[in-house]
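Below is the file model_7.cif, which contains mmCIF, N, CA and C atoms.
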```
data_structure
loop_
_atom_site.label_atom_id
_atom_site.label_comp_id
_atom_site.auth_asym_id
_atom_site.auth_seq_id
_atom_site.Cartn_x
_atom_site.Cartn_y
_atom_site.Cartn_z
N MET A 1 103.52 241.04 -15.11
CA MET A 1 103.51 241.39 -16.48
C MET A 1 102.79 240.27 -17.25
N ALA A 2 101.78 240.66 -17.96
CA ALA A 2 100.98 239.71 -18.71
C ALA A 2 101.70 239.35 -19.99
N ARG A 3 101.67 238.10 -20.28
CA ARG A 3 102.32 237.64 -21.48
C ARG A 3 101.28 237.44 -22.56
N LYS A 4 101.61 237.77 -23.74
CA LYS A 4 100.69 237.59 -24.85
C LYS A 4 101.13 236.39 -25.65
N PHE A 5 100.16 235.56 -25.97
CA PHE A 5 100.44 234.38 -26.79
C PHE A 5 99.87 234.59 -28.19
N SER A 6 100.54 234.04 -29.13
CA SER A 6 100.02 234.11 -30.49
C SER A 6 98.85 233.16 -30.60
N ALA A 7 98.08 233.28 -31.61
CA ALA A 7 96.93 232.41 -31.83
C ALA A 7 97.39 230.96 -31.94
N LEU A 8 98.54 230.75 -32.59
CA LEU A 8 99.07 229.41 -32.75
C LEU A 8 99.47 228.81 -31.40
N GLN A 9 100.12 229.62 -30.55
CA GLN A 9 100.51 229.16 -29.23
C GLN A 9 99.28 228.86 -28.37
N SER A 10 98.28 229.70 -28.47
CA SER A 10 97.03 229.50 -27.72
C SER A 10 96.36 228.21 -28.15
N ALA A 11 96.33 227.98 -29.44
CA ALA A 11 95.72 226.76 -29.96
C ALA A 11 96.50 225.53 -29.48
N ALA A 12 97.82 225.63 -29.46
CA ALA A 12 98.65 224.51 -29.01
C ALA A 12 98.39 224.20 -27.55
N VAL A 13 98.26 225.25 -26.73
CA VAL A 13 97.98 225.06 -25.31
C VAL A 13 96.61 224.40 -25.13
N ILE A 14 95.63 224.84 -25.89
CA ILE A 14 94.27 224.28 -25.78
C ILE A 14 94.29 222.80 -26.19
N VAL A 15 94.99 222.47 -27.28
CA VAL A 15 95.08 221.09 -27.73
C VAL A 15 95.77 220.24 -26.67
N PHE A 16 96.88 220.77 -26.11
CA PHE A 16 97.62 220.05 -25.08
C PHE A 16 96.72 219.78 -23.87
N LEU A 17 96.02 220.80 -23.41
CA LEU A 17 95.16 220.64 -22.24
C LEU A 17 94.01 219.67 -22.52
N SER A 18 93.44 219.75 -23.70
CA SER A 18 92.32 218.85 -24.01
C SER A 18 92.81 217.41 -24.16
N LEU A 19 94.00 217.22 -24.75
CA LEU A 19 94.56 215.88 -24.83
C LEU A 19 94.87 215.33 -23.44
N SER A 20 95.45 216.18 -22.60
CA SER A 20 95.76 215.77 -21.24
C SER A 20 94.50 215.36 -20.50
N LEU A 21 93.45 216.16 -20.64
CA LEU A 21 92.18 215.87 -20.00
C LEU A 21 91.59 214.58 -20.58
N SER A 22 91.69 214.41 -21.89
CA SER A 22 91.18 213.22 -22.55
C SER A 22 91.89 211.98 -22.05
N ILE A 23 93.20 212.05 -21.89
CA ILE A 23 93.97 210.92 -21.40
C ILE A 23 93.54 210.58 -19.98
N ARG A 24 93.37 211.58 -19.16
CA ARG A 24 92.95 211.34 -17.78
C ARG A 24 91.57 210.69 -17.73
N VAL A 25 90.65 211.21 -18.56
CA VAL A 25 89.31 210.64 -18.62
C VAL A 25 89.39 209.20 -19.12
N SER A 26 90.19 208.98 -20.15
CA SER A 26 90.34 207.64 -20.70
C SER A 26 90.90 206.68 -19.66
N GLN A 27 91.92 207.11 -18.91
CA GLN A 27 92.49 206.26 -17.86
C GLN A 27 91.47 206.00 -16.78
N SER A 28 90.71 207.02 -16.42
CA SER A 28 89.69 206.87 -15.39
C SER A 28 88.63 205.87 -15.84
N VAL A 29 88.17 205.99 -17.07
CA VAL A 29 87.17 205.07 -17.60
C VAL A 29 87.75 203.66 -17.65
N SER A 30 88.99 203.56 -18.09
CA SER A 30 89.65 202.26 -18.16
C SER A 30 89.75 201.63 -16.77
N ILE A 31 90.14 202.43 -15.80
CA ILE A 31 90.24 201.93 -14.43
C ILE A 31 88.87 201.50 -13.93
N LYS A 32 87.85 202.32 -14.18
CA LYS A 32 86.51 201.97 -13.74
C LYS A 32 86.02 200.70 -14.43
N LEU A 33 86.33 200.55 -15.72
CA LEU A 33 85.95 199.34 -16.42
C LEU A 33 86.68 198.13 -15.84
N SER A 34 87.97 198.31 -15.52
CA SER A 34 88.73 197.21 -14.92
C SER A 34 88.14 196.84 -13.56
N GLU A 35 87.80 197.85 -12.76
CA GLU A 35 87.18 197.58 -11.47
C GLU A 35 85.86 196.85 -11.66
N PHE A 36 85.08 197.28 -12.66
CA PHE A 36 83.80 196.63 -12.95
C PHE A 36 84.04 195.18 -13.34
N GLN A 37 85.05 194.93 -14.19
CA GLN A 37 85.35 193.57 -14.63
C GLN A 37 85.74 192.70 -13.43
N ILE A 38 86.58 193.24 -12.55
CA ILE A 38 86.99 192.50 -11.36
C ILE A 38 85.77 192.20 -10.50
N LYS A 39 84.92 193.20 -10.30
CA LYS A 39 83.71 192.98 -9.50
C LYS A 39 82.81 191.95 -10.15
N SER A 40 82.70 192.00 -11.48
CA SER A 40 81.87 191.03 -12.20
C SER A 40 82.44 189.63 -12.05
N ASP A 41 83.76 189.49 -12.17
CA ASP A 41 84.40 188.19 -12.02
C ASP A 41 84.19 187.63 -10.62
N LEU A 42 84.35 188.49 -9.61
CA LEU A 42 84.14 188.05 -8.23
C LEU A 42 82.69 187.65 -7.99
N GLU A 43 81.77 188.39 -8.58
CA GLU A 43 80.35 188.07 -8.44
C GLU A 43 80.05 186.73 -9.10
N ALA A 44 80.65 186.46 -10.24
CA ALA A 44 80.44 185.18 -10.93
C ALA A 44 80.94 184.03 -10.06
N VAL A 45 82.10 184.20 -9.44
CA VAL A 45 82.64 183.16 -8.56
C VAL A 45 81.72 182.96 -7.36
N ARG A 46 81.26 184.06 -6.78
CA ARG A 46 80.36 183.97 -5.64
C ARG A 46 79.06 183.25 -6.00
N LEU A 47 78.50 183.59 -7.15
CA LEU A 47 77.26 182.95 -7.58
C LEU A 47 77.46 181.47 -7.86
N LYS A 48 78.61 181.13 -8.44
CA LYS A 48 78.90 179.73 -8.71
C LYS A 48 78.98 178.94 -7.41
N ARG A 49 79.64 179.53 -6.42
CA ARG A 49 79.75 178.85 -5.12
C ARG A 49 78.40 178.73 -4.45
N MET A 50 77.58 179.76 -4.60
CA MET A 50 76.27 179.75 -3.95
C MET A 50 75.28 178.84 -4.67
N SER A 51 75.59 178.47 -5.93
CA SER A 51 74.67 177.61 -6.67
C SER A 51 74.57 176.24 -6.01
N GLN A 52 75.58 175.87 -5.26
CA GLN A 52 75.51 174.64 -4.49
C GLN A 52 75.12 175.03 -3.07
N LEU A 53 73.98 174.56 -2.64
CA LEU A 53 73.53 174.86 -1.29
C LEU A 53 74.52 174.30 -0.29
N VAL A 54 74.69 175.02 0.80
CA VAL A 54 75.57 174.53 1.86
C VAL A 54 75.01 173.21 2.36
N GLY A 55 75.85 172.18 2.32
CA GLY A 55 75.42 170.85 2.74
C GLY A 55 74.68 170.08 1.66
N GLY A 56 74.42 170.73 0.51
CA GLY A 56 73.72 170.05 -0.57
C GLY A 56 74.69 169.30 -1.46
N PRO A 57 74.18 168.34 -2.24
CA PRO A 57 75.07 167.59 -3.12
C PRO A 57 75.54 168.43 -4.30
N SER A 58 76.72 168.10 -4.80
CA SER A 58 77.26 168.80 -5.96
C SER A 58 76.52 168.34 -7.21
N GLY A 59 76.85 168.95 -8.32
CA GLY A 59 76.36 168.46 -9.60
C GLY A 59 77.06 167.16 -9.94
N VAL A 60 76.56 166.47 -10.94
CA VAL A 60 77.16 165.21 -11.35
C VAL A 60 78.49 165.50 -12.05
N LYS A 61 79.52 164.75 -11.65
CA LYS A 61 80.86 164.91 -12.23
C LYS A 61 81.33 163.57 -12.77
N GLU A 62 82.20 163.63 -13.77
CA GLU A 62 82.79 162.41 -14.30
C GLU A 62 83.75 161.84 -13.27
N ALA A 63 83.68 160.54 -13.06
CA ALA A 63 84.56 159.89 -12.08
C ALA A 63 86.01 159.99 -12.53
N ASP A 64 86.90 160.18 -11.58
CA ASP A 64 88.33 160.26 -11.84
C ASP A 64 89.06 159.19 -11.01
N ALA A 65 90.38 159.25 -11.03
CA ALA A 65 91.18 158.24 -10.32
C ALA A 65 90.89 158.24 -8.82
N GLU A 66 90.66 159.40 -8.24
CA GLU A 66 90.37 159.48 -6.80
C GLU A 66 89.08 158.74 -6.46
N ILE A 67 88.06 158.93 -7.28
CA ILE A 67 86.77 158.27 -7.03
C ILE A 67 86.90 156.76 -7.25
N GLN A 68 87.64 156.35 -8.27
CA GLN A 68 87.86 154.92 -8.49
C GLN A 68 88.61 154.31 -7.32
N ASP A 69 89.56 155.06 -6.76
CA ASP A 69 90.30 154.58 -5.58
C ASP A 69 89.36 154.39 -4.39
N ILE A 70 88.46 155.35 -4.16
CA ILE A 70 87.47 155.23 -3.09
C ILE A 70 86.62 153.98 -3.32
N LEU A 71 86.21 153.79 -4.56
CA LEU A 71 85.39 152.64 -4.91
C LEU A 71 86.14 151.32 -4.69
N ASP A 72 87.40 151.29 -5.12
CA ASP A 72 88.21 150.07 -4.94
C ASP A 72 88.37 149.73 -3.46
N LYS A 73 88.56 150.74 -2.63
CA LYS A 73 88.75 150.51 -1.20
C LYS A 73 87.47 150.05 -0.50
N THR A 74 86.32 150.32 -1.09
CA THR A 74 85.05 149.97 -0.45
C THR A 74 84.33 148.83 -1.18
N ARG A 75 84.95 148.26 -2.17
CA ARG A 75 84.31 147.22 -2.98
C ARG A 75 83.83 146.04 -2.14
N THR A 76 84.66 145.55 -1.25
CA THR A 76 84.28 144.41 -0.42
C THR A 76 83.04 144.73 0.41
N GLY A 77 83.00 145.91 1.03
CA GLY A 77 81.83 146.33 1.81
C GLY A 77 80.58 146.40 0.96
N PHE A 78 80.74 146.90 -0.27
CA PHE A 78 79.60 146.98 -1.19
C PHE A 78 79.10 145.59 -1.57
N GLU A 79 80.02 144.71 -1.96
CA GLU A 79 79.63 143.37 -2.37
C GLU A 79 79.03 142.57 -1.21
N ASP A 80 79.52 142.81 0.00
CA ASP A 80 78.93 142.15 1.18
C ASP A 80 77.47 142.60 1.36
N LYS A 81 77.21 143.90 1.23
CA LYS A 81 75.84 144.42 1.37
C LYS A 81 74.94 143.91 0.25
N ALA A 82 75.50 143.84 -0.97
CA ALA A 82 74.71 143.41 -2.13
C ALA A 82 74.51 141.90 -2.16
N GLY A 83 75.42 141.17 -1.53
CA GLY A 83 75.36 139.72 -1.56
C GLY A 83 75.77 139.16 -2.92
N VAL A 84 76.53 139.94 -3.67
CA VAL A 84 76.95 139.56 -5.02
C VAL A 84 78.39 139.99 -5.23
N LYS A 85 79.15 139.16 -5.95
CA LYS A 85 80.50 139.53 -6.37
C LYS A 85 80.43 139.96 -7.83
N PHE A 86 81.04 141.08 -8.15
CA PHE A 86 80.99 141.61 -9.51
C PHE A 86 82.34 141.45 -10.20
N ASP A 87 82.30 141.06 -11.49
CA ASP A 87 83.53 140.96 -12.28
C ASP A 87 84.06 142.35 -12.63
N GLU A 88 83.13 143.25 -12.91
CA GLU A 88 83.50 144.64 -13.26
C GLU A 88 83.02 145.55 -12.15
N PHE A 89 83.79 146.58 -11.86
CA PHE A 89 83.43 147.52 -10.79
C PHE A 89 84.09 148.86 -11.10
N THR A 90 83.52 149.59 -12.06
CA THR A 90 84.14 150.80 -12.59
C THR A 90 83.29 152.03 -12.28
N ALA A 91 83.90 153.02 -11.64
CA ALA A 91 83.21 154.28 -11.34
C ALA A 91 82.96 155.04 -12.64
N ILE A 92 81.73 155.49 -12.84
CA ILE A 92 81.34 156.22 -14.06
C ILE A 92 81.19 157.71 -13.76
N SER A 93 80.40 158.02 -12.75
CA SER A 93 80.15 159.42 -12.38
C SER A 93 79.81 159.47 -10.90
N TYR A 94 79.74 160.69 -10.37
CA TYR A 94 79.48 160.80 -8.93
C TYR A 94 78.99 162.20 -8.57
N ARG A 95 78.44 162.30 -7.40
CA ARG A 95 78.12 163.56 -6.73
C ARG A 95 78.81 163.48 -5.37
N SER A 96 79.15 164.63 -4.83
CA SER A 96 79.70 164.65 -3.47
C SER A 96 78.89 165.63 -2.64
N GLN A 97 78.95 165.42 -1.34
CA GLN A 97 78.22 166.27 -0.39
C GLN A 97 79.08 166.42 0.85
N VAL A 98 79.44 167.66 1.14
CA VAL A 98 80.25 167.92 2.33
C VAL A 98 79.31 168.06 3.52
N VAL A 99 79.52 167.21 4.49
CA VAL A 99 78.78 167.25 5.75
C VAL A 99 79.84 167.23 6.85
N ALA A 100 79.68 166.46 7.89
CA ALA A 100 80.76 166.30 8.87
C ALA A 100 81.66 165.18 8.36
N GLY A 101 82.20 165.40 7.19
CA GLY A 101 82.93 164.44 6.38
C GLY A 101 82.44 164.65 4.97
N THR A 102 82.54 163.64 4.12
CA THR A 102 82.05 163.78 2.75
C THR A 102 81.28 162.53 2.34
N ASN A 103 80.08 162.75 1.80
CA ASN A 103 79.32 161.67 1.19
C ASN A 103 79.65 161.64 -0.29
N TYR A 104 79.87 160.45 -0.81
CA TYR A 104 80.07 160.26 -2.25
C TYR A 104 78.94 159.36 -2.75
N PHE A 105 78.22 159.83 -3.74
CA PHE A 105 77.18 159.05 -4.39
C PHE A 105 77.75 158.66 -5.75
N ILE A 106 78.07 157.39 -5.94
CA ILE A 106 78.84 156.97 -7.11
C ILE A 106 78.03 156.01 -7.98
N LYS A 107 77.98 156.29 -9.28
CA LYS A 107 77.40 155.37 -10.26
C LYS A 107 78.50 154.42 -10.68
N VAL A 108 78.22 153.11 -10.60
CA VAL A 108 79.23 152.08 -10.86
C VAL A 108 78.74 151.15 -11.96
N LYS A 109 79.59 150.92 -12.93
CA LYS A 109 79.29 149.94 -13.98
C LYS A 109 79.76 148.58 -13.48
N VAL A 110 78.81 147.61 -13.45
CA VAL A 110 79.14 146.28 -12.93
C VAL A 110 78.99 145.20 -14.00
N GLY A 111 78.71 145.58 -15.22
CA GLY A 111 78.57 144.64 -16.33
C GLY A 111 78.02 145.37 -17.54
N THR A 112 77.80 144.63 -18.61
CA THR A 112 77.26 145.23 -19.83
C THR A 112 75.86 145.78 -19.54
N ASP A 113 75.72 147.09 -19.66
CA ASP A 113 74.45 147.78 -19.39
C ASP A 113 73.90 147.50 -18.00
N LYS A 114 74.78 147.24 -17.04
CA LYS A 114 74.36 147.01 -15.65
C LYS A 114 75.08 148.01 -14.75
N TYR A 115 74.29 148.70 -13.93
CA TYR A 115 74.84 149.75 -13.06
C TYR A 115 74.25 149.62 -11.67
N VAL A 116 75.00 150.09 -10.71
CA VAL A 116 74.54 150.19 -9.33
C VAL A 116 74.98 151.56 -8.80
N HIS A 117 74.36 151.98 -7.72
CA HIS A 117 74.78 153.21 -7.04
C HIS A 117 75.25 152.84 -5.65
N VAL A 118 76.29 153.51 -5.22
CA VAL A 118 76.81 153.28 -3.87
C VAL A 118 77.01 154.63 -3.18
N LYS A 119 76.64 154.70 -1.93
CA LYS A 119 76.88 155.88 -1.10
C LYS A 119 78.00 155.54 -0.14
N VAL A 120 79.10 156.27 -0.26
CA VAL A 120 80.27 156.06 0.60
C VAL A 120 80.48 157.31 1.44
N PHE A 121 80.69 157.11 2.73
CA PHE A 121 80.99 158.23 3.62
C PHE A 121 82.48 158.22 3.94
N LYS A 122 83.11 159.37 3.77
CA LYS A 122 84.53 159.52 4.13
C LYS A 122 84.60 160.39 5.37
N PHE A 123 85.10 159.81 6.45
CA PHE A 123 85.23 160.53 7.71
C PHE A 123 86.28 161.63 7.58
N LEU A 124 86.16 162.64 8.40
CA LEU A 124 87.15 163.72 8.42
C LEU A 124 88.51 163.18 8.85
N PRO A 125 89.60 163.86 8.46
CA PRO A 125 90.95 163.38 8.81
C PRO A 125 91.15 163.14 10.31
N HIS A 126 90.63 164.03 11.15
CA HIS A 126 90.83 163.85 12.60
C HIS A 126 90.09 162.61 13.13
N ALA A 127 89.12 162.12 12.33
CA ALA A 127 88.37 160.92 12.72
C ALA A 127 88.90 159.70 11.96
N GLY A 128 90.08 159.84 11.38
CA GLY A 128 90.72 158.71 10.71
C GLY A 128 90.64 158.73 9.20
N GLY A 129 89.73 159.54 8.64
CA GLY A 129 89.61 159.62 7.19
C GLY A 129 89.20 158.31 6.54
N THR A 130 88.63 157.40 7.33
CA THR A 130 88.26 156.09 6.79
C THR A 130 87.01 156.19 5.93
N LEU A 131 86.76 155.14 5.18
CA LEU A 131 85.63 155.07 4.26
C LEU A 131 84.63 154.03 4.75
N LYS A 132 83.34 154.31 4.54
CA LYS A 132 82.30 153.37 4.96
C LYS A 132 81.19 153.36 3.92
N VAL A 133 80.80 152.16 3.49
CA VAL A 133 79.66 152.03 2.59
C VAL A 133 78.39 152.27 3.42
N GLU A 134 77.68 153.33 3.08
CA GLU A 134 76.47 153.69 3.84
C GLU A 134 75.22 153.04 3.25
N ASN A 135 75.15 152.99 1.92
CA ASN A 135 73.94 152.50 1.29
C ASN A 135 74.26 152.06 -0.13
N ILE A 136 73.39 151.20 -0.68
CA ILE A 136 73.57 150.75 -2.07
C ILE A 136 72.22 150.74 -2.77
N GLN A 137 72.26 150.87 -4.09
CA GLN A 137 71.07 150.72 -4.92
C GLN A 137 71.45 149.83 -6.09
N LEU A 138 70.73 148.73 -6.25
CA LEU A 138 71.00 147.79 -7.33
C LEU A 138 70.07 148.05 -8.51
N ASN A 139 70.34 147.40 -9.62
CA ASN A 139 69.48 147.47 -10.81
C ASN A 139 69.24 148.89 -11.30
N LYS A 140 70.28 149.65 -11.45
CA LYS A 140 70.19 151.02 -11.96
C LYS A 140 70.59 151.01 -13.43
N SER A 141 70.27 152.10 -14.13
CA SER A 141 70.66 152.23 -15.53
C SER A 141 71.64 153.39 -15.67
N LEU A 142 72.25 153.48 -16.82
CA LEU A 142 73.19 154.58 -17.09
C LEU A 142 72.48 155.92 -16.96
N ASP A 143 71.22 155.97 -17.31
CA ASP A 143 70.47 157.23 -17.29
C ASP A 143 69.88 157.61 -15.93
N ASP A 144 69.88 156.69 -14.99
CA ASP A 144 69.33 157.00 -13.65
C ASP A 144 70.17 158.07 -12.96
N ASP A 145 69.46 159.04 -12.39
CA ASP A 145 70.15 160.12 -11.67
C ASP A 145 70.76 159.59 -10.37
N ILE A 146 71.93 160.11 -10.06
CA ILE A 146 72.57 159.77 -8.79
C ILE A 146 72.05 160.79 -7.78
N SER A 147 71.27 160.35 -6.84
CA SER A 147 70.72 161.28 -5.86
C SER A 147 71.05 160.79 -4.46
N ASN A 148 70.72 161.64 -3.50
CA ASN A 148 70.94 161.28 -2.10
C ASN A 148 70.02 160.12 -1.75
N PHE A 149 70.59 159.05 -1.26
CA PHE A 149 69.78 157.89 -0.86
C PHE A 149 70.33 157.29 0.41
#
```
Could you rewrite the structure in this file as structure tokens?
Amino acid sequence: MARKFSALQSAAVIVFLSLSLSIRVSQSVSIKLSEFQIKSDLEAVRLKRMSQLVGGPSGVKEADAEIQDILDKTRTGFEDKAGVKFDEFTAISYRSQVVAGTNYFIKVKVGTDKYVHVKVFKFLPHAGGTLKVENIQLNKSLDDDISNF
């Protein structure tokens, strides 16, 4: 038996169905936008990681307590290589490079407007995690780039 709906009931059903469809479309678009945002965020992280070549040095970073500690532990080795004792020995900035261990290229303030660069190698933990002064550069300025040397 066919049921007859009034015009008002028919209109209500049409509005209900269109709203229901609209909500579903809206949720679908919202979900797709969320998926897009997640994919975009993951892509940004991937690109950031890839911006540093594997085995290449990092960008220049401000020295922190960990870098100053590395510098303090290797100061004697540095001064022995340089043949000079410094009154000041403060880490300013650095680059790091992951190899079979980690290379640290550190800019060091050794006096008023006097800087040096030191390359320190940190062995992997299974190899003792010890530190070794690999190379030094004297007579540097604050503006000199810290590069692989």
Which residues match the PyMOL selection byres (((chain A and resi 82 and name CA) around 10) and name CA) in the file above, as a list in words?
Thr76, Gly77, Phe78, Glu79, Asp80, Lys81, Gly83, Val84, Lys85, Phe86, Val116, Asn135, Ile136, Gln137 and Leu138 of chain A
Between atom C of Asp72 in chain A and atom C of Gln97 in chain A, distance in Å (one decimal)
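A separation of 19.6 Å between them.
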Could you check the closest approach to Val133 in chain A for each of A:Glu62, A:Thr74, A:Lys107, A:Glu88 and tell me which residue wins, using only C-alpha atoms?
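Residue with the minimum atom-to-atom distance to Val133 in chain A: A:Thr74.
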Between A:Phe149, A:Tyr115, A:Phe105, A:Phe123, which one has atoms that come closest to Leu71 in chain A, using only C-alpha atoms?
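For Leu71 in chain A, the nearest of the given residues is A:Phe105.
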Students should find that atom N of Val60 in chain A and atom N of Ile106 in chain A are spaced 10.5 Å
For each of A:Thr112, A:Asn148, A:Asn103, A:Gln68, take the minimum atom-to-atom distance to Ala91 in chain A, counting all atoms listed in the file, then give the residue where this is smallest.
A:Gln68
All residues 10 Å or closer to Asn139 in chain A, only C-alpha atoms, same chain fewer than 5 positions away omitted, as a compact mmCIF listing (two decimals) with N, CA and C atoms, in the coordinates of the input:
```txt
# COMPACT_ATOMS: atom_id res chain seq x y z
N VAL A 110 78.81 147.61 -13.45
CA VAL A 110 79.14 146.28 -12.93
C VAL A 110 78.99 145.20 -14.00
N ASP A 113 75.72 147.09 -19.66
CA ASP A 113 74.45 147.78 -19.39
C ASP A 113 73.90 147.50 -18.00
N LYS A 114 74.78 147.24 -17.04
CA LYS A 114 74.36 147.01 -15.65
C LYS A 114 75.08 148.01 -14.75
N TYR A 115 74.29 148.70 -13.93
CA TYR A 115 74.84 149.75 -13.06
C TYR A 115 74.25 149.62 -11.67
N VAL A 116 75.00 150.09 -10.71
CA VAL A 116 74.54 150.19 -9.33
C VAL A 116 74.98 151.56 -8.80
N HIS A 117 74.36 151.98 -7.72
CA HIS A 117 74.78 153.21 -7.04
C HIS A 117 75.25 152.84 -5.65
N ASP A 144 69.88 156.69 -14.99
CA ASP A 144 69.33 157.00 -13.65
C ASP A 144 70.17 158.07 -12.96
```
Taking the file as I've supplied it (selection: the PyMOL selection byres ((chain A and resi 131) around 7)), which residues are included? Please answer as a PDB file with N, CA and C atoms, in the frame of the given file.
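Result file follows (expr_26.pdb):
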```pdb
ATOM      1  N   THR A  74      86.320 150.320  -1.090  1.00  0.00           N
ATOM      2  CA  THR A  74      85.050 149.970  -0.450  1.00  0.00           C
ATOM      3  C   THR A  74      84.330 148.830  -1.180  1.00  0.00           C
ATOM      4  N   VAL A 120      79.100 156.270  -0.260  1.00  0.00           N
ATOM      5  CA  VAL A 120      80.270 156.060   0.600  1.00  0.00           C
ATOM      6  C   VAL A 120      80.480 157.310   1.440  1.00  0.00           C
ATOM      7  N   PHE A 121      80.690 157.110   2.730  1.00  0.00           N
ATOM      8  CA  PHE A 121      80.990 158.230   3.620  1.00  0.00           C
ATOM      9  C   PHE A 121      82.480 158.220   3.940  1.00  0.00           C
ATOM     10  N   LYS A 122      83.110 159.370   3.770  1.00  0.00           N
ATOM     11  CA  LYS A 122      84.530 159.520   4.130  1.00  0.00           C
ATOM     12  C   LYS A 122      84.600 160.390   5.370  1.00  0.00           C
ATOM     13  N   PHE A 123      85.100 159.810   6.450  1.00  0.00           N
ATOM     14  CA  PHE A 123      85.230 160.530   7.710  1.00  0.00           C
ATOM     15  C   PHE A 123      86.280 161.630   7.580  1.00  0.00           C
ATOM     16  N   GLY A 128      90.080 159.840  11.380  1.00  0.00           N
ATOM     17  CA  GLY A 128      90.720 158.710  10.710  1.00  0.00           C
ATOM     18  C   GLY A 128      90.640 158.730   9.200  1.00  0.00           C
ATOM     19  N   GLY A 129      89.730 159.540   8.640  1.00  0.00           N
ATOM     20  CA  GLY A 129      89.610 159.620   7.190  1.00  0.00           C
ATOM     21  C   GLY A 129      89.200 158.310   6.540  1.00  0.00           C
ATOM     22  N   THR A 130      88.630 157.400   7.330  1.00  0.00           N
ATOM     23  CA  THR A 130      88.260 156.090   6.790  1.00  0.00           C
ATOM     24  C   THR A 130      87.010 156.190   5.930  1.00  0.00           C
ATOM     25  N   LYS A 132      83.340 154.310   4.540  1.00  0.00           N
ATOM     26  CA  LYS A 132      82.300 153.370   4.960  1.00  0.00           C
ATOM     27  C   LYS A 132      81.190 153.360   3.920  1.00  0.00           C
ATOM     28  N   VAL A 133      80.800 152.160   3.490  1.00  0.00           N
ATOM     29  CA  VAL A 133      79.660 152.030   2.590  1.00  0.00           C
ATOM     30  C   VAL A 133      78.390 152.270   3.420  1.00  0.00           C
TER      31      VAL A 133
END
```
One-decimal distance in Å that lies between atom N of Leu124 in chain A and atom N of Lys61 in chain A
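Those two atoms sit 21.2 Å apart.
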Write out as an MDAnalysis selection string the set of residues from range 94-139 of chain A that DSSP, computed on the backbone, places in strand (DSSP E).
chainID A and resid 94:99 101:111 114:122 131:139
Edge lengths and centre in Å to one decimal, as AutoDock Vina command-line options, of the axis-aligned box that encloses all listed atoms of range 89-103 of chain A with 4 Å added on every side?
```
--center_x 81.1 --center_y 157.3 --center_z -2.6 --size_x 14.0 --size_y 29.5 --size_z 30.9
```
Which residue, A:Ala63, A:Gly56, A:His126, A:Glu134, has the smallest gap to Tyr94 in chain A when you use all atoms listed in the file?
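The answer is A:Ala63, which sits nearest to Tyr94 in chain A.
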